[in-house]
$ cat my_file_5.cif   # mmCIF, N, CA and C atoms
data_run
loop_
_atom_site.label_atom_id
_atom_site.label_comp_id
_atom_site.auth_asym_id
_atom_site.auth_seq_id
_atom_site.Cartn_x
_atom_site.Cartn_y
_atom_site.Cartn_z
N MET A 1 0.81 -1.19 0.00
CA MET A 1 0.00 0.00 0.00
C MET A 1 0.86 1.26 0.00
N ALA A 2 2.00 1.17 0.67
CA ALA A 2 2.88 2.34 0.74
C ALA A 2 3.40 2.71 -0.64
N ASN A 3 3.63 1.71 -1.49
CA ASN A 3 4.16 1.99 -2.83
C ASN A 3 3.07 2.16 -3.87
N LYS A 4 2.01 1.37 -3.79
CA LYS A 4 0.98 1.37 -4.82
C LYS A 4 -0.24 2.24 -4.51
N GLY A 5 -0.49 2.47 -3.25
CA GLY A 5 -1.70 3.16 -2.85
C GLY A 5 -2.75 2.17 -2.37
N PHE A 6 -3.67 2.63 -1.60
CA PHE A 6 -4.69 1.79 -0.99
C PHE A 6 -5.58 1.13 -2.03
N SER A 7 -6.07 1.89 -2.98
CA SER A 7 -7.01 1.37 -3.97
C SER A 7 -6.39 0.37 -4.93
N ALA A 8 -5.08 0.49 -5.18
CA ALA A 8 -4.42 -0.37 -6.15
C ALA A 8 -4.03 -1.73 -5.58
N VAL A 9 -4.17 -1.90 -4.28
CA VAL A 9 -3.80 -3.16 -3.64
C VAL A 9 -5.08 -3.91 -3.27
N GLY A 10 -5.18 -5.13 -3.76
CA GLY A 10 -6.34 -5.95 -3.45
C GLY A 10 -6.22 -6.58 -2.07
N LEU A 11 -7.34 -6.95 -1.52
CA LEU A 11 -7.37 -7.55 -0.19
C LEU A 11 -6.54 -8.83 -0.14
N ASN A 12 -6.61 -9.65 -1.17
CA ASN A 12 -5.83 -10.89 -1.18
C ASN A 12 -4.33 -10.61 -1.11
N GLU A 13 -3.89 -9.54 -1.76
CA GLU A 13 -2.48 -9.17 -1.70
C GLU A 13 -2.09 -8.75 -0.27
N VAL A 14 -2.96 -8.01 0.38
CA VAL A 14 -2.71 -7.60 1.77
C VAL A 14 -2.63 -8.83 2.67
N LEU A 15 -3.58 -9.73 2.52
CA LEU A 15 -3.63 -10.93 3.36
C LEU A 15 -2.40 -11.81 3.13
N ARG A 16 -2.00 -11.95 1.89
CA ARG A 16 -0.83 -12.77 1.56
C ARG A 16 0.43 -12.15 2.17
N ALA A 17 0.60 -10.85 2.03
CA ALA A 17 1.79 -10.17 2.58
C ALA A 17 1.84 -10.25 4.10
N ALA A 18 0.66 -10.20 4.73
CA ALA A 18 0.60 -10.24 6.19
C ALA A 18 0.58 -11.66 6.74
N GLY A 19 0.32 -12.64 5.86
CA GLY A 19 0.21 -14.02 6.31
C GLY A 19 -1.02 -14.25 7.17
N VAL A 20 -2.10 -13.58 6.81
CA VAL A 20 -3.34 -13.65 7.60
C VAL A 20 -4.43 -14.32 6.76
N PRO A 21 -5.12 -15.31 7.32
CA PRO A 21 -6.24 -15.93 6.60
C PRO A 21 -7.41 -14.95 6.45
N LYS A 22 -8.15 -15.11 5.38
CA LYS A 22 -9.27 -14.20 5.10
C LYS A 22 -10.29 -14.20 6.24
N GLY A 23 -10.56 -15.37 6.81
CA GLY A 23 -11.52 -15.44 7.92
C GLY A 23 -11.08 -14.64 9.12
N SER A 24 -9.78 -14.66 9.40
CA SER A 24 -9.26 -13.87 10.52
C SER A 24 -9.40 -12.38 10.25
N PHE A 25 -9.14 -11.99 9.01
CA PHE A 25 -9.29 -10.58 8.64
C PHE A 25 -10.72 -10.12 8.89
N TYR A 26 -11.68 -10.90 8.42
CA TYR A 26 -13.09 -10.50 8.55
C TYR A 26 -13.61 -10.62 9.99
N HIS A 27 -12.86 -11.30 10.85
CA HIS A 27 -13.22 -11.30 12.27
C HIS A 27 -13.02 -9.91 12.86
N TYR A 28 -12.01 -9.19 12.37
CA TYR A 28 -11.67 -7.87 12.91
C TYR A 28 -12.19 -6.71 12.07
N PHE A 29 -12.33 -6.91 10.76
CA PHE A 29 -12.71 -5.82 9.87
C PHE A 29 -13.85 -6.28 8.97
N SER A 30 -14.83 -5.41 8.77
CA SER A 30 -15.97 -5.77 7.93
C SER A 30 -15.64 -5.64 6.44
N SER A 31 -14.58 -4.91 6.11
CA SER A 31 -14.22 -4.69 4.71
C SER A 31 -12.80 -4.14 4.62
N LYS A 32 -12.29 -4.07 3.41
CA LYS A 32 -10.98 -3.45 3.19
C LYS A 32 -11.04 -1.98 3.58
N ASP A 33 -12.15 -1.32 3.32
CA ASP A 33 -12.29 0.08 3.70
C ASP A 33 -12.23 0.25 5.22
N ALA A 34 -12.86 -0.67 5.96
CA ALA A 34 -12.81 -0.61 7.42
C ALA A 34 -11.37 -0.81 7.90
N PHE A 35 -10.62 -1.67 7.22
CA PHE A 35 -9.21 -1.87 7.53
C PHE A 35 -8.44 -0.57 7.28
N GLY A 36 -8.68 0.08 6.16
CA GLY A 36 -8.02 1.35 5.86
C GLY A 36 -8.32 2.41 6.90
N GLN A 37 -9.57 2.45 7.34
CA GLN A 37 -9.94 3.41 8.37
C GLN A 37 -9.20 3.10 9.68
N ALA A 38 -9.08 1.81 10.01
CA ALA A 38 -8.35 1.41 11.22
C ALA A 38 -6.86 1.78 11.10
N LEU A 39 -6.29 1.65 9.90
CA LEU A 39 -4.91 2.07 9.69
C LEU A 39 -4.74 3.55 9.99
N LEU A 40 -5.66 4.36 9.48
CA LEU A 40 -5.58 5.81 9.72
C LEU A 40 -5.76 6.14 11.20
N GLU A 41 -6.70 5.47 11.85
CA GLU A 41 -6.92 5.73 13.28
C GLU A 41 -5.69 5.36 14.09
N ALA A 42 -5.06 4.22 13.78
CA ALA A 42 -3.84 3.81 14.48
C ALA A 42 -2.71 4.80 14.22
N TYR A 43 -2.64 5.30 12.99
CA TYR A 43 -1.62 6.29 12.65
C TYR A 43 -1.81 7.56 13.48
N PHE A 44 -3.05 8.04 13.57
CA PHE A 44 -3.32 9.25 14.36
C PHE A 44 -3.01 9.02 15.83
N ASP A 45 -3.39 7.87 16.36
CA ASP A 45 -3.09 7.57 17.77
C ASP A 45 -1.60 7.61 18.03
N GLU A 46 -0.81 6.97 17.16
CA GLU A 46 0.64 6.95 17.32
C GLU A 46 1.23 8.34 17.17
N SER A 47 0.75 9.09 16.19
CA SER A 47 1.27 10.45 15.96
C SER A 47 0.98 11.37 17.13
N LEU A 48 -0.22 11.26 17.67
CA LEU A 48 -0.59 12.11 18.80
C LEU A 48 0.21 11.73 20.06
N ASP A 49 0.45 10.44 20.25
CA ASP A 49 1.28 10.00 21.38
C ASP A 49 2.70 10.54 21.25
N GLU A 50 3.24 10.48 20.03
CA GLU A 50 4.59 11.00 19.78
C GLU A 50 4.65 12.49 20.04
N LEU A 51 3.66 13.23 19.57
CA LEU A 51 3.63 14.67 19.79
C LEU A 51 3.54 14.98 21.28
N GLU A 52 2.69 14.25 21.99
CA GLU A 52 2.55 14.48 23.42
C GLU A 52 3.86 14.21 24.15
N ASN A 53 4.56 13.13 23.78
CA ASN A 53 5.84 12.82 24.41
C ASN A 53 6.86 13.92 24.18
N VAL A 54 6.92 14.45 22.98
CA VAL A 54 7.87 15.52 22.66
C VAL A 54 7.51 16.79 23.42
N LEU A 55 6.24 17.13 23.46
CA LEU A 55 5.83 18.38 24.09
C LEU A 55 5.93 18.34 25.62
N GLN A 56 6.06 17.15 26.19
CA GLN A 56 6.17 17.04 27.64
C GLN A 56 7.61 16.93 28.13
N GLN A 57 8.58 17.09 27.26
CA GLN A 57 9.99 17.02 27.66
C GLN A 57 10.34 18.26 28.47
N GLN A 58 10.41 18.10 29.77
CA GLN A 58 10.60 19.23 30.67
C GLN A 58 11.99 19.85 30.58
N ASP A 59 12.96 19.11 30.04
CA ASP A 59 14.32 19.63 29.96
C ASP A 59 14.54 20.57 28.77
N LEU A 60 13.50 20.75 27.94
CA LEU A 60 13.59 21.63 26.78
C LEU A 60 12.56 22.75 26.90
N SER A 61 12.88 23.90 26.32
CA SER A 61 11.89 24.98 26.26
C SER A 61 10.78 24.57 25.29
N MET A 62 9.65 25.22 25.37
CA MET A 62 8.53 24.88 24.47
C MET A 62 8.94 25.09 23.01
N GLY A 63 9.69 26.14 22.74
CA GLY A 63 10.17 26.37 21.37
C GLY A 63 11.06 25.24 20.89
N ASP A 64 11.96 24.78 21.77
CA ASP A 64 12.84 23.66 21.41
C ASP A 64 12.04 22.37 21.23
N ARG A 65 11.02 22.18 22.04
CA ARG A 65 10.16 20.99 21.90
C ARG A 65 9.49 20.97 20.52
N LEU A 66 8.94 22.12 20.15
CA LEU A 66 8.28 22.22 18.84
C LEU A 66 9.28 22.01 17.71
N MET A 67 10.45 22.61 17.82
CA MET A 67 11.47 22.44 16.77
C MET A 67 11.90 20.98 16.68
N HIS A 68 12.03 20.30 17.80
CA HIS A 68 12.39 18.89 17.82
C HIS A 68 11.33 18.07 17.09
N TYR A 69 10.07 18.35 17.38
CA TYR A 69 8.98 17.63 16.73
C TYR A 69 9.00 17.87 15.22
N TRP A 70 9.10 19.12 14.81
CA TRP A 70 9.07 19.43 13.37
C TRP A 70 10.30 18.88 12.65
N GLN A 71 11.45 18.88 13.31
CA GLN A 71 12.65 18.31 12.69
C GLN A 71 12.48 16.81 12.48
N HIS A 72 11.94 16.14 13.48
CA HIS A 72 11.68 14.70 13.34
C HIS A 72 10.69 14.45 12.20
N TRP A 73 9.65 15.25 12.12
CA TRP A 73 8.65 15.10 11.05
C TRP A 73 9.31 15.31 9.68
N ALA A 74 10.08 16.37 9.56
CA ALA A 74 10.74 16.66 8.27
C ALA A 74 11.70 15.54 7.89
N ASP A 75 12.47 15.05 8.85
CA ASP A 75 13.41 13.97 8.56
C ASP A 75 12.69 12.71 8.08
N SER A 76 11.56 12.41 8.69
CA SER A 76 10.85 11.18 8.33
C SER A 76 10.04 11.32 7.04
N GLN A 77 9.69 12.52 6.66
CA GLN A 77 8.83 12.71 5.49
C GLN A 77 9.59 13.07 4.22
N MET A 78 10.84 13.44 4.33
CA MET A 78 11.57 13.92 3.16
C MET A 78 12.53 12.91 2.57
N ASP A 79 12.56 11.69 3.08
CA ASP A 79 13.44 10.70 2.47
C ASP A 79 12.67 9.92 1.41
N ALA A 80 13.36 9.09 0.67
CA ALA A 80 12.74 8.37 -0.44
C ALA A 80 11.98 7.12 0.00
N ASP A 81 12.18 6.67 1.22
CA ASP A 81 11.53 5.47 1.72
C ASP A 81 10.04 5.74 1.99
N PRO A 82 9.14 4.98 1.35
CA PRO A 82 7.71 5.23 1.56
C PRO A 82 7.22 4.82 2.94
N ASN A 83 7.96 3.95 3.62
CA ASN A 83 7.57 3.54 4.97
C ASN A 83 7.79 4.70 5.94
N GLY A 84 6.83 4.90 6.81
CA GLY A 84 6.94 5.97 7.79
C GLY A 84 6.42 7.30 7.29
N LYS A 85 6.01 7.37 6.05
CA LYS A 85 5.46 8.61 5.52
C LYS A 85 4.05 8.84 6.06
N CYS A 86 3.58 10.01 5.92
CA CYS A 86 2.27 10.39 6.44
C CYS A 86 1.15 9.60 5.76
N LEU A 87 0.48 8.76 6.52
CA LEU A 87 -0.62 7.97 5.96
C LEU A 87 -1.81 8.83 5.58
N VAL A 88 -1.96 9.97 6.22
CA VAL A 88 -3.09 10.83 5.89
C VAL A 88 -3.00 11.26 4.44
N VAL A 89 -1.80 11.61 4.01
CA VAL A 89 -1.61 12.03 2.63
C VAL A 89 -1.82 10.84 1.69
N LYS A 90 -1.26 9.68 2.08
CA LYS A 90 -1.32 8.51 1.21
C LYS A 90 -2.71 7.89 1.13
N LEU A 91 -3.37 7.74 2.26
CA LEU A 91 -4.62 6.99 2.29
C LEU A 91 -5.86 7.84 2.49
N GLY A 92 -5.69 9.04 3.00
CA GLY A 92 -6.84 9.86 3.36
C GLY A 92 -7.85 10.06 2.26
N ALA A 93 -7.38 10.26 1.05
CA ALA A 93 -8.29 10.49 -0.07
C ALA A 93 -8.86 9.19 -0.63
N GLU A 94 -8.22 8.06 -0.30
CA GLU A 94 -8.64 6.79 -0.88
C GLU A 94 -9.57 5.98 0.03
N VAL A 95 -9.49 6.21 1.32
CA VAL A 95 -10.29 5.43 2.27
C VAL A 95 -11.58 6.19 2.57
N PRO A 96 -12.71 5.60 2.21
CA PRO A 96 -13.98 6.30 2.49
C PRO A 96 -14.26 6.36 3.98
N ASP A 97 -14.95 7.36 4.37
CA ASP A 97 -15.37 7.49 5.76
C ASP A 97 -16.63 6.66 5.94
N GLU A 98 -16.50 5.50 6.57
CA GLU A 98 -17.64 4.60 6.72
C GLU A 98 -18.71 5.21 7.62
N ARG A 99 -18.31 6.12 8.49
CA ARG A 99 -19.31 6.75 9.36
C ARG A 99 -20.28 7.61 8.55
N ALA A 100 -19.81 8.13 7.41
CA ALA A 100 -20.68 8.97 6.58
C ALA A 100 -21.82 8.15 5.99
N ALA A 101 -21.62 6.85 5.85
CA ALA A 101 -22.65 5.99 5.27
C ALA A 101 -23.73 5.63 6.29
N LEU A 102 -23.47 5.89 7.57
CA LEU A 102 -24.46 5.52 8.61
C LEU A 102 -25.66 6.40 8.62
#
$ encode --input "my_file_5.cif" --output "structure tokens"
Amino acid sequence: MANKGFSAVGLNEVLRAAGVPKGSFYHYFSSKDAFGQALLEAYFDESLDELENVLQQQDLSMGDRLMHYWQHWADSQMDADPNGKCLVVKLGAEVPDERAAL
């Protein structure tokens, strides 16, 4: 998904790469779109935890904390490796909001 995009990768390809049986996948996710939404939610949870950890570093000034966070973000987003890049940019436009269908 990191290289091809969410829509271009079929569910069977995801399951094969992860070594997960289809039945196990559907135990946790109702669809590939639900899986994509869970990926985004996990990404936001991790990103917010990282931001909170950086902003709570008492040994740095608030300005230094923010600069540390932005430097880490820039370092991780500006290399050629697709892993670790912002999932919001990669998947946000491709994963439908299942809550909108309710």
$ residues_around --input "my_file_5.cif" --residues "segment 59-72 of chain A" --least-positions-apart "6" --cutoff "8 Å" --atoms "all atoms listed in the file" --output "MDAnalysis selection string"
chainID A and resid 50:51 78
$ write_last_selection --input "my_file_5.cif" --atoms "N, CA and C atoms" --output "PDB file, keeping the file's coordinate frame"
ATOM      1  N   GLU A  50       3.240  10.480  20.030  1.00  0.00           N
ATOM      2  CA  GLU A  50       4.590  11.000  19.780  1.00  0.00           C
ATOM      3  C   GLU A  50       4.650  12.490  20.040  1.00  0.00           C
ATOM      4  N   LEU A  51       3.660  13.230  19.570  1.00  0.00           N
ATOM      5  CA  LEU A  51       3.630  14.670  19.790  1.00  0.00           C
ATOM      6  C   LEU A  51       3.540  14.980  21.280  1.00  0.00           C
ATOM      7  N   MET A  78      10.840  13.440   4.330  1.00  0.00           N
ATOM      8  CA  MET A  78      11.570  13.920   3.160  1.00  0.00           C
ATOM      9  C   MET A  78      12.530  12.910   2.570  1.00  0.00           C
TER      10      MET A  78
END
$ atom_distance --input "my_file_5.cif" --atom1 "atom CA of Gly36 of chain A" --atom2 "atom C of Lys4 of chain A"
13.0 Å
$ select_by_dssp --input "my_file_5.cif" --residues "segment 15-83 of chain A" --states "alpha helix (DSSP H)" --output "ChimeraX atom specification"
/A:15-18,22-28,32-55,62-77
$ atom_distance --input "my_file_5.cif" --atom1 "atom N of Ala74 of chain A" --atom2 "atom N of Leu55 of chain A"
14.4 Å
$ closest_residue --input "my_file_5.cif" --among "A:Leu11, A:Asn3, A:Leu48, A:Val20" --to "Ala34 of chain A" --atoms "only C-alpha atoms"
A:Leu11
$ atom_distance --input "my_file_5.cif" --atom1 "atom CA of Gly23 of chain A" --atom2 "atom CA of Met1 of chain A"
20.8 Å
